[in-house]
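Data from my_file27.cif: mmCIF, C-alpha atoms
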```cif
data_work
loop_
_atom_site.label_atom_id
_atom_site.label_comp_id
_atom_site.auth_asym_id
_atom_site.auth_seq_id
_atom_site.Cartn_x
_atom_site.Cartn_y
_atom_site.Cartn_z
CA MET A 3 16.50 28.44 -0.14
CA SER A 4 18.07 29.45 -3.39
CA LEU A 5 18.75 28.18 -6.84
CA PHE A 6 22.08 26.86 -5.57
CA ASN A 7 20.18 24.35 -3.47
CA VAL A 8 18.43 23.04 -6.56
CA MET A 9 21.84 22.54 -8.17
CA ASP A 10 23.04 20.76 -5.04
CA ILE A 11 20.07 18.44 -5.01
CA ALA A 12 20.47 17.64 -8.70
CA SER A 13 24.15 16.89 -8.15
CA THR A 14 23.41 14.49 -5.28
CA GLY A 15 21.03 12.73 -7.64
CA MET A 16 23.68 12.57 -10.34
CA SER A 17 26.34 11.18 -8.03
CA ALA A 18 23.96 8.60 -6.59
CA GLN A 19 22.96 7.43 -10.04
CA SER A 20 26.57 7.26 -11.15
CA VAL A 21 27.36 5.02 -8.18
CA ARG A 22 24.50 2.84 -9.34
CA LEU A 23 25.87 2.79 -12.88
CA ASN A 24 29.29 1.92 -11.50
CA THR A 25 28.05 -1.06 -9.52
CA THR A 26 25.99 -2.21 -12.50
CA ALA A 27 29.04 -2.03 -14.75
CA SER A 28 31.07 -4.02 -12.26
CA ASN A 29 28.30 -6.62 -11.94
CA VAL A 30 28.00 -7.05 -15.70
CA ALA A 31 31.76 -7.18 -16.15
CA ASN A 32 32.08 -9.88 -13.51
CA ALA A 33 29.01 -11.85 -14.54
CA ASN A 34 31.13 -14.67 -15.85
CA SER A 35 34.05 -14.68 -13.44
CA VAL A 36 34.03 -18.26 -12.31
CA SER A 37 35.88 -19.28 -9.17
CA SER A 38 36.56 -22.45 -7.26
CA SER A 39 35.22 -21.53 -3.82
CA TYR A 40 32.05 -19.97 -2.48
CA ASP A 41 33.81 -17.11 -0.69
CA GLN A 42 35.99 -16.05 -3.57
CA THR A 43 33.17 -15.78 -6.03
CA TYR A 44 32.02 -12.33 -7.06
CA LYS A 45 28.65 -11.36 -5.63
CA ALA A 46 26.35 -8.81 -7.22
CA ARG A 47 26.56 -5.37 -5.63
CA HIS A 48 23.77 -2.84 -5.25
CA PRO A 49 23.84 0.63 -3.75
CA VAL A 50 21.37 1.60 -1.04
CA PHE A 51 19.77 5.00 -1.48
CA ALA A 52 18.25 7.09 1.25
CA ALA A 53 16.81 10.57 1.30
CA GLU A 54 18.87 12.85 3.44
CA LEU A 55 16.55 12.50 6.37
CA GLN A 56 18.49 14.80 8.60
CA ARG A 57 18.22 17.71 6.25
CA ALA A 58 14.59 16.92 5.66
CA SER A 59 13.76 17.16 9.33
CA GLN A 60 15.84 20.28 9.89
CA GLU A 61 14.39 22.37 7.13
CA GLN A 62 10.80 21.46 6.83
CA ASN A 63 10.26 23.33 3.64
CA ALA A 64 13.21 22.32 1.50
CA GLY A 65 13.63 19.57 -1.01
CA THR A 66 16.10 16.91 -0.10
CA GLY A 67 18.92 15.35 -2.00
CA VAL A 68 19.67 11.68 -2.12
CA GLN A 69 22.48 9.95 -0.31
CA VAL A 70 24.17 6.64 -0.98
CA LEU A 71 24.17 4.86 2.36
CA GLY A 72 26.44 2.12 1.15
CA VAL A 73 26.89 -0.72 -1.27
CA VAL A 74 25.57 -4.12 -0.26
CA GLU A 75 26.34 -7.49 -1.74
CA SER A 76 23.43 -9.50 -2.99
CA GLN A 77 22.38 -12.38 -0.74
CA ALA A 78 21.00 -14.40 -3.61
CA PRO A 79 22.50 -17.88 -3.82
CA LEU A 80 25.40 -18.41 -6.19
CA GLN A 81 25.10 -20.67 -9.16
CA ILE A 82 26.98 -23.86 -8.45
CA GLU A 83 27.68 -25.96 -11.46
CA TYR A 84 29.09 -29.44 -11.74
CA SER A 85 31.82 -29.23 -14.31
CA PRO A 86 34.75 -31.50 -13.49
CA GLY A 87 36.61 -30.64 -16.67
CA HIS A 88 36.75 -26.93 -15.87
CA PRO A 89 40.22 -25.69 -14.88
CA MET A 90 38.72 -23.76 -11.93
CA ALA A 91 36.75 -26.69 -10.57
CA ASP A 92 37.31 -27.60 -6.90
CA GLU A 93 38.20 -31.12 -5.71
CA ASN A 94 34.57 -32.22 -6.00
CA GLY A 95 34.29 -30.97 -9.55
CA TYR A 96 32.13 -27.90 -8.87
CA ILE A 97 32.58 -24.37 -10.15
CA TYR A 98 30.94 -21.30 -8.64
CA LYS A 99 29.36 -18.62 -10.77
CA PRO A 100 28.38 -15.14 -9.53
CA ASN A 101 24.74 -14.44 -8.63
CA VAL A 102 24.53 -11.65 -11.20
CA ASN A 103 21.26 -11.51 -13.06
CA ILE A 104 22.10 -9.91 -16.40
CA VAL A 105 18.49 -9.03 -17.24
CA GLU A 106 18.07 -7.30 -13.91
CA GLU A 107 21.34 -5.45 -14.39
CA MET A 108 20.37 -4.21 -17.83
CA ALA A 109 17.06 -2.91 -16.52
CA ASP A 110 18.90 -1.28 -13.64
CA MET A 111 21.34 0.33 -16.03
CA MET A 112 18.61 1.86 -18.15
CA SER A 113 16.78 3.13 -15.11
CA ALA A 114 19.98 4.64 -13.72
CA SER A 115 20.96 6.36 -16.96
CA LYS A 116 17.45 7.81 -17.38
CA ALA A 117 17.47 9.08 -13.83
CA TYR A 118 20.92 10.58 -14.35
CA GLU A 119 19.68 12.34 -17.46
CA THR A 120 16.71 13.74 -15.60
CA ASN A 121 18.97 15.18 -12.95
CA VAL A 122 21.20 16.71 -15.63
CA GLN A 123 18.16 18.35 -17.15
CA VAL A 124 17.16 19.74 -13.79
CA ALA A 125 20.62 21.24 -13.37
CA ASP A 126 20.53 22.62 -16.90
CA THR A 127 17.14 24.27 -16.45
CA THR A 128 18.31 25.77 -13.18
CA LYS A 129 21.41 27.11 -14.84
CA ARG A 130 19.37 28.84 -17.53
CA LEU A 131 17.06 30.38 -14.96
CA PHE A 132 20.08 31.53 -13.01
CA ARG A 133 21.46 33.30 -16.03
CA ASN A 134 18.17 35.13 -16.43
CA VAL A 135 18.22 36.24 -12.83
CA LEU A 136 21.79 37.48 -13.18
CA ARG A 137 20.78 39.60 -16.13
CA LEU A 138 18.00 41.20 -14.12
CA GLY A 139 17.86 44.93 -14.64
CA GLN A 140 20.52 44.98 -17.32
CA GLY A 141 20.03 46.25 -20.81
CA SER A 142 17.91 49.19 -21.79
CA MET B 25 8.52 61.02 -1.47
CA ALA B 26 11.04 58.26 -1.37
CA ILE B 27 10.97 55.56 -3.97
CA SER B 28 10.21 52.26 -2.33
CA LEU B 29 11.93 49.46 -4.13
CA ASP B 30 10.20 47.02 -1.82
CA LYS B 31 6.85 48.18 -3.08
CA LEU B 32 8.04 47.98 -6.65
CA MET B 33 9.27 44.42 -6.31
CA GLY B 34 6.85 43.35 -3.62
CA PHE B 35 4.56 40.72 -4.89
CA THR B 36 6.60 39.47 -7.82
CA HIS B 37 9.56 39.03 -5.57
CA LYS B 38 7.51 36.78 -3.32
CA ALA B 39 6.29 34.78 -6.29
CA VAL B 40 9.89 34.21 -7.35
CA GLN B 41 10.70 33.09 -3.84
CA VAL B 42 7.88 30.56 -3.73
CA ARG B 43 8.79 29.34 -7.22
CA THR B 44 12.37 28.78 -6.08
CA GLU B 45 11.18 26.84 -3.10
CA ARG B 46 8.90 24.72 -5.23
CA MET B 47 11.69 24.09 -7.70
CA GLU B 48 13.82 22.81 -4.84
CA VAL B 49 11.12 20.42 -3.67
CA LEU B 50 10.55 19.10 -7.19
CA ALA B 51 14.28 18.66 -7.76
CA GLY B 52 14.34 16.70 -4.51
CA ASN B 53 11.55 14.47 -5.78
CA LEU B 54 13.40 13.82 -9.01
CA ALA B 55 16.68 13.14 -7.23
CA ASN B 56 14.92 10.66 -4.97
CA ALA B 57 13.10 8.88 -7.78
CA ASN B 58 14.85 5.63 -6.82
CA THR B 59 15.01 6.03 -3.07
CA PRO B 60 13.01 3.37 -1.25
CA GLY B 61 10.36 4.79 1.03
CA TYR B 62 10.53 8.33 -0.32
CA LYS B 63 7.21 10.08 -0.78
CA ALA B 64 6.83 12.79 -3.40
CA ARG B 65 6.10 16.22 -1.99
CA ASP B 66 4.96 19.47 -3.44
CA ILE B 67 4.15 23.02 -2.44
CA ASN B 68 0.70 24.37 -2.95
CA PHE B 69 1.58 27.58 -4.75
CA GLN B 70 -1.70 29.31 -3.98
CA ASP B 71 -1.49 28.62 -0.27
CA ALA B 72 2.16 29.58 -0.17
CA MET B 73 1.46 32.84 -1.99
CA ARG B 74 -1.40 33.65 0.32
CA SER B 75 0.73 33.10 3.39
CA ALA B 76 3.63 35.04 1.84
CA GLN B 77 1.27 37.92 1.21
CA SER B 78 0.05 38.08 4.75
CA GLY B 79 3.48 37.25 6.15
CA ARG B 80 2.00 34.37 8.03
CA SER B 81 4.71 32.65 9.94
CA GLN B 82 4.13 32.42 13.61
CA ASN B 83 6.64 32.66 16.36
CA LEU B 84 5.53 31.21 19.64
CA THR B 85 6.00 33.47 22.61
CA ARG B 86 8.27 32.09 25.27
CA THR B 87 7.16 32.65 28.82
CA HIS B 88 10.15 30.86 30.31
CA GLU B 89 13.73 30.87 29.11
CA ASN B 90 13.88 27.08 29.24
CA HIS B 91 11.11 26.77 26.71
CA ILE B 92 12.07 25.53 23.32
CA LYS B 93 11.93 28.13 20.61
CA GLY B 94 8.95 27.54 18.41
CA HIS B 95 8.58 28.68 14.85
CA MET B 96 5.70 27.69 12.70
CA GLN B 97 5.69 27.98 8.97
CA GLY B 98 2.44 28.85 7.32
CA SER B 99 0.48 25.67 7.53
CA GLY B 100 -0.70 23.68 4.56
CA GLU B 101 2.02 24.69 2.11
CA MET B 102 3.99 21.50 1.95
CA GLN B 103 1.93 18.54 0.95
CA PHE B 104 2.50 15.00 -0.07
CA ARG B 105 1.55 14.15 -3.58
CA ILE B 106 -1.38 11.82 -4.08
CA SER B 107 0.09 9.41 -6.57
CA ASN B 108 -1.95 8.03 -9.39
CA GLN B 109 -0.14 4.75 -9.42
CA PRO B 110 -0.24 2.14 -6.68
CA ASP B 111 2.75 1.46 -4.52
CA THR B 112 5.64 0.14 -6.59
CA GLY B 113 6.77 -2.19 -3.85
CA ASP B 114 9.52 -0.17 -2.19
CA GLY B 115 7.34 2.58 -0.76
CA ASN B 116 8.46 5.17 -3.30
CA ASN B 117 5.69 7.00 -5.08
CA VAL B 118 7.62 9.43 -7.28
CA ASP B 119 6.20 9.52 -10.79
CA VAL B 120 9.12 10.91 -12.79
CA GLN B 121 6.90 12.01 -15.69
CA VAL B 122 4.64 14.03 -13.43
CA GLU B 123 7.55 15.56 -11.57
CA ARG B 124 9.35 16.50 -14.75
CA ASN B 125 6.30 18.23 -16.11
CA ALA B 126 5.79 20.04 -12.85
CA PHE B 127 9.44 21.09 -12.84
CA LEU B 128 9.25 22.39 -16.39
CA ASP B 129 6.01 24.23 -15.70
CA ASN B 130 7.42 25.74 -12.55
CA GLY B 131 10.60 26.78 -14.36
CA LEU B 132 8.68 28.58 -17.10
CA ARG B 133 6.56 30.40 -14.57
CA TYR B 134 9.70 31.32 -12.68
CA GLN B 135 11.11 32.77 -15.86
CA ALA B 136 7.89 34.69 -16.42
CA SER B 137 8.11 36.17 -12.94
CA VAL B 138 11.72 37.17 -13.52
CA GLU B 139 10.81 38.80 -16.83
CA PHE B 140 8.03 40.66 -15.07
CA LEU B 141 10.44 41.86 -12.44
CA ASN B 142 12.81 42.91 -15.20
CA GLY B 143 10.04 44.92 -16.81
CA LYS B 144 9.36 46.72 -13.57
CA ILE B 145 13.02 47.60 -13.17
CA LYS B 146 13.17 48.86 -16.72
CA GLY B 147 10.10 50.98 -16.14
CA MET B 148 11.61 52.45 -13.01
CA LYS B 149 14.85 53.17 -14.84
CA LYS B 150 12.95 54.97 -17.56
CA ALA B 151 11.08 57.02 -14.99
CA ILE B 152 14.29 57.98 -13.25
CA SER B 153 16.04 59.00 -16.44
CA GLY B 154 13.02 60.93 -17.61
CA GLY B 155 12.49 58.86 -20.72
CA GLN B 156 15.96 59.55 -22.08
CA SER B 157 17.88 56.38 -22.77
#
```
Translate this file's structure into structure tokens.
Amino acid sequence: MSLFNVMDIASTGMSAQSVRLNTTASNVANANSVSSSYDQTYKARHPVFAAELQRASQEQNAGTGVQVLGVVESQAPLQIEYSPGHPMADENGYIYKPNVNIVEEMADMMSASKAYETNVQVADTTKRLFRNVLRLGQGS
Amino acid sequence: MAISLDKLMGFTHKAVQVRTERMEVLAGNLANANTPGYKARDINFQDAMRSAQSGRSQNLTRTHENHIKGHMQGSGEMQFRISNQPDTGDGNNVDVQVERNAFLDNGLRYQASVEFLNGKIKGMKKAISGGQS
């Protein structure tokens, strides 16, 4: 129970949100990577967040940070398009497009960057308070 | 007559402690703003202060060495926030706006407590030095 814990919690938030931003960037970048088979096609990735349950149950009175449990691939169906003239088309003339939903990704990106900012502000406020505490009793 | 620093700091010190704890909980809420299933929590400052004042944290007496050690924090401090928006679909009820305001408010009050503590220390210093800088 100290100000360091607040910093820790804010930093877990920041790292989780940056993972989210990372996956979003990769999804957007690969939104148009066409391939010629279902397995090789890029699938949208999303991180799974979880509160650090263990810590929460150990210390009943403390706030908990956030943990990235892992990154899962989206199960949404891929877009299969009939385009025989495409150089990547398979023998039946189909191309496979990733299941990335650009609108969803943009919304995700904004949410992630806002959340990141919030966590930065938390860390910043804590830092300022810390400085005040360190100056306690100094000066005339 | 010995000077008791504990008495000097006493109550303000406890306020700072509770403020720190609350800040931690609020930071946790903000960090978990996107965690599915997370419920926003908060500390009731008044209750926490009251229990800090009376030193209310109970240790259960063990009558047998195989008994599990029991330690009870003052009850009713940690509470779940009653959200003013319905469930968003993933079981998370953190309202970032509310939490940010609470965090800011708590931070300012923390600062006020620290300033107050600072004032007390300065006063004590002055008393010790007999008013000479």
> What is the distance between atom CA of Ile97 of chain A and atom CA of Val73 of chain A, in Å to one decimal?
Replying inline: 25.9 Å
>> Please determine, counting all atoms listed in the file, which residue among B:Val49, B:Ile106, B:Ala57, B:Met148 has the shortest atom-to-atom distance to chain A.
In response: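 So, comparing all the options, the nearest one is B:Val49.
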> Hey, what's within 12 Å of Val50 of chain A if we count only C-alpha atoms and toss same-chain stuff fewer than 5 positions away? As JSON, numbers by chain, please?
Replying inline: {"A": [18, 19, 21, 22, 25, 68, 69, 70, 71, 72, 73, 74, 75, 76], "B": [56, 58, 59, 60, 61]}
Grab the residues selected above and save them as an mmCIF file, in the coordinates of the input with C-alpha atoms.
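Saved as again-v9.cif:
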```cif
data_model
loop_
_atom_site.group_PDB
_atom_site.id
_atom_site.type_symbol
_atom_site.label_atom_id
_atom_site.label_comp_id
_atom_site.auth_asym_id
_atom_site.auth_seq_id
_atom_site.Cartn_x
_atom_site.Cartn_y
_atom_site.Cartn_z
ATOM 1 C CA ALA A 18 23.960 8.600 -6.590
ATOM 2 C CA GLN A 19 22.960 7.430 -10.040
ATOM 3 C CA VAL A 21 27.360 5.020 -8.180
ATOM 4 C CA ARG A 22 24.500 2.840 -9.340
ATOM 5 C CA THR A 25 28.050 -1.060 -9.520
ATOM 6 C CA VAL A 68 19.670 11.680 -2.120
ATOM 7 C CA GLN A 69 22.480 9.950 -0.310
ATOM 8 C CA VAL A 70 24.170 6.640 -0.980
ATOM 9 C CA LEU A 71 24.170 4.860 2.360
ATOM 10 C CA GLY A 72 26.440 2.120 1.150
ATOM 11 C CA VAL A 73 26.890 -0.720 -1.270
ATOM 12 C CA VAL A 74 25.570 -4.120 -0.260
ATOM 13 C CA GLU A 75 26.340 -7.490 -1.740
ATOM 14 C CA SER A 76 23.430 -9.500 -2.990
ATOM 15 C CA ASN B 56 14.920 10.660 -4.970
ATOM 16 C CA ASN B 58 14.850 5.630 -6.820
ATOM 17 C CA THR B 59 15.010 6.030 -3.070
ATOM 18 C CA PRO B 60 13.010 3.370 -1.250
ATOM 19 C CA GLY B 61 10.360 4.790 1.030
#
```
>> as a PyMOL selection string, could you give me every residue of chain B near chain A (at most 10 Å apart, counting only C-alpha atoms)?
In response: chain B and resi 41-42+44-67+96-97+101-103+120-121+124+127-128+131-132+134-135+138-139+141-150+157
Residues within 10 Å of Ala27 of chain A, all atoms listed in the file, excluding chain neighbours under 4 positions, as a PDB file with C-alpha atoms, in the frame of the given file:
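Below is the file result-v9.pdb, written as the result:
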```pdb
ATOM      1  CA  VAL A  21      27.360   5.020  -8.180  1.00  0.00           C
ATOM      2  CA  ARG A  22      24.500   2.840  -9.340  1.00  0.00           C
ATOM      3  CA  LEU A  23      25.870   2.790 -12.880  1.00  0.00           C
ATOM      4  CA  ALA A  31      31.760  -7.180 -16.150  1.00  0.00           C
ATOM      5  CA  ASN A  32      32.080  -9.880 -13.510  1.00  0.00           C
ATOM      6  CA  ALA A  33      29.010 -11.850 -14.540  1.00  0.00           C
ATOM      7  CA  GLU A 107      21.340  -5.450 -14.390  1.00  0.00           C
ATOM      8  CA  MET A 108      20.370  -4.210 -17.830  1.00  0.00           C
ATOM      9  CA  MET A 111      21.340   0.330 -16.030  1.00  0.00           C
TER      10      MET A 111
END
```
